[in-house]
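See below for the structure under consideration.
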Amino acid sequence: MSILYRNGAGRLRSRPVLGYAVAVLLALTCLHLPTTGAADDLGAAPGFTLETPSGEKVTLSSVLKRGPVILDFWATWCGPCRKALPRLQELYEAHEDDGLTVIAISIDEPRNRPKIGATVRSLGLTFPVLLDGDKEVARLYRVDSVPTTFLISQEGRVTAYHRGYREGDEKLLAREIAALLADEDVRP
């Protein structure tokens with residue numbers, strides 16, 4: 001396969017592109033990052049302090065005192081986020097008495113702040129929603145797309161993460177939560 005182009009003198013030239021295309025595809029394959037990860041320990045969860053829409057400051061360390069945390073980065077303009085958040089609400093309701101907390105971190109810019117409250121109300125969310133308009137916490141967690149969800153043990157270790165959302169993803173997250181809660185129940 002070749003492309004035709006005119007050189008500086010106006011002559012028609014041909015250049016093979018198949019080799020270039022293969023090289024680019026191979027490079028992209030090597031750069032592909034997984035969309036889901038689960039392990040006993042993916043590293044320490046970076047600490048942070050963020051505000052709720054009402055101005056209350058919340059730290060990760062204070063929430064972890066209660067138990068494990070699902071940390072979900074989202075935005076009001078994100079369609080998959082609007083599908084995932086109600087599933088996180090269901091998981092929160094199912095495991096709140098077990099000490100699980102869900103925190104939704106909005107990466108919406110400050111000008112979109114009014115949309116955050118409206119979205120939270122329309123989706124019936126009762127877990128904490130925090131604001132990261134400058135995306136500093138998202139950078140700490142290396143979030144490059146939304147939704148991105150992290151499961152964090154009470155000890156502050158990331159045990160699973162999920163990038164994106166498709167129907168049914170909440171079933172895998174539910175299994176990961178159950179395993180984490182069972183593991184934490186047997187620790188001294």
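Note on naming: chains are A, B, ... as they come in the structure tokens, residues start from 1 per chain, ligands start from 1 in the order shown.
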Give me, as an mmCIF file with C-alpha atoms, in the first residue's frame, all polymer residues having an atom no more than 12 Å from Thr119 (chain A), counting only C-alpha atoms and skipping those fewer than 2 positions away in the same chain.
data_model
loop_
_atom_site.group_PDB
_atom_site.id
_atom_site.type_symbol
_atom_site.label_atom_id
_atom_site.label_comp_id
_atom_site.auth_asym_id
_atom_site.auth_seq_id
_atom_site.Cartn_x
_atom_site.Cartn_y
_atom_site.Cartn_z
ATOM 1 C CA TRP A 74 -16.671 11.326 37.500
ATOM 2 C CA ALA A 75 -18.080 14.379 35.695
ATOM 3 C CA THR A 76 -21.581 15.674 34.971
ATOM 4 C CA TRP A 77 -20.994 15.562 31.206
ATOM 5 C CA CYS A 78 -19.943 11.884 31.304
ATOM 6 C CA GLY A 79 -22.685 9.490 30.129
ATOM 7 C CA CYS A 81 -20.601 8.090 34.849
ATOM 8 C CA ARG A 82 -24.350 8.691 35.034
ATOM 9 C CA LYS A 83 -24.877 4.964 34.503
ATOM 10 C CA LEU A 85 -23.087 6.185 39.900
ATOM 11 C CA PRO A 86 -26.492 4.577 40.626
ATOM 12 C CA ALA A 104 -17.562 10.392 44.255
ATOM 13 C CA SER A 106 -16.292 15.382 40.536
ATOM 14 C CA ASP A 108 -16.064 19.244 36.725
ATOM 15 C CA ASN A 112 -20.160 23.597 36.190
ATOM 16 C CA ARG A 113 -20.570 23.401 39.980
ATOM 17 C CA PRO A 114 -24.366 24.029 39.855
ATOM 18 C CA LYS A 115 -24.758 20.964 37.614
ATOM 19 C CA ILE A 116 -23.072 18.752 40.211
ATOM 20 C CA GLY A 117 -25.786 19.190 42.829
ATOM 21 C CA ARG A 121 -30.106 14.820 43.334
ATOM 22 C CA SER A 122 -31.424 13.389 40.067
ATOM 23 C CA LEU A 123 -29.422 10.171 40.576
ATOM 24 C CA GLY A 124 -30.469 9.875 44.229
ATOM 25 C CA LEU A 125 -26.915 9.702 45.551
ATOM 26 C CA THR A 126 -26.514 9.730 49.341
ATOM 27 C CA VAL A 129 -19.487 13.985 46.678
#
Need to verify the contact set: region 47-58 of chain A, 10 Å, only C-alpha atoms, exclusion of same-chain residues closer than 3 positions in sequence. Can you return it as a list in words?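 Using only C-alpha atoms, the neighbours found are Ala44, Ser61, Ser62, Val63, Ile103, Ile105, Ser106, Arg113, Pro114, Ile116, Gly117, Pro128, Val129, Leu130, Leu131, Asp132, Gly133, Glu136, Val137, Leu140, Tyr141 and Gly156 of chain A.
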How many Å lie between CA of Gly99 (chain A) and CA of Gly67 (chain A), rounded to one decimal? 4.6 Å
What lies within 9 Å of Glu176 (chain A) using only C-alpha atoms, ignoring chain neighbours under 5 positions off, as a ChimeraX atom specification? /A:38,151,159-160,171,181
Writing out the chosen residues with C-alpha atoms as a short mmCIF file (atom, residue, chain, number, x, y, z; two decimals), in the first residue's frame:
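The file below, result-v6.cif, is the result:
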data_model
loop_
_atom_site.label_atom_id
_atom_site.label_comp_id
_atom_site.auth_asym_id
_atom_site.auth_seq_id
_atom_site.Cartn_x
_atom_site.Cartn_y
_atom_site.Cartn_z
CA ALA A 38 -7.19 -6.27 40.91
CA LEU A 151 -11.19 0.24 45.79
CA THR A 159 -6.69 -3.21 45.94
CA ALA A 160 -8.54 -2.73 42.62
CA LYS A 171 -20.80 -7.30 39.64
CA LEU A 181 -14.49 -7.06 53.53
#
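Using only C-alpha atoms for every distance, the candidate list A:Ala118, A:Pro68, A:Leu172, A:Ala84 yields A:Pro68 as the residue closest to Asp97 (chain A).
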Do a neighbour search on Leu173 (chain A) at 12 Å with only C-alpha atoms, toss out local chain neighbours closer than 6 positions, and write the hits as a VMD selection string. chain A and resid 36 to 38 69 to 72 84 87 to 88 90 to 92 149 to 152 159 to 163 165 to 167 179 to 180
Considering only strand (DSSP E) as DSSP defines it on the backbone, what residues of region 123-177 of chain A qualify? List them as a count of residues only. 14
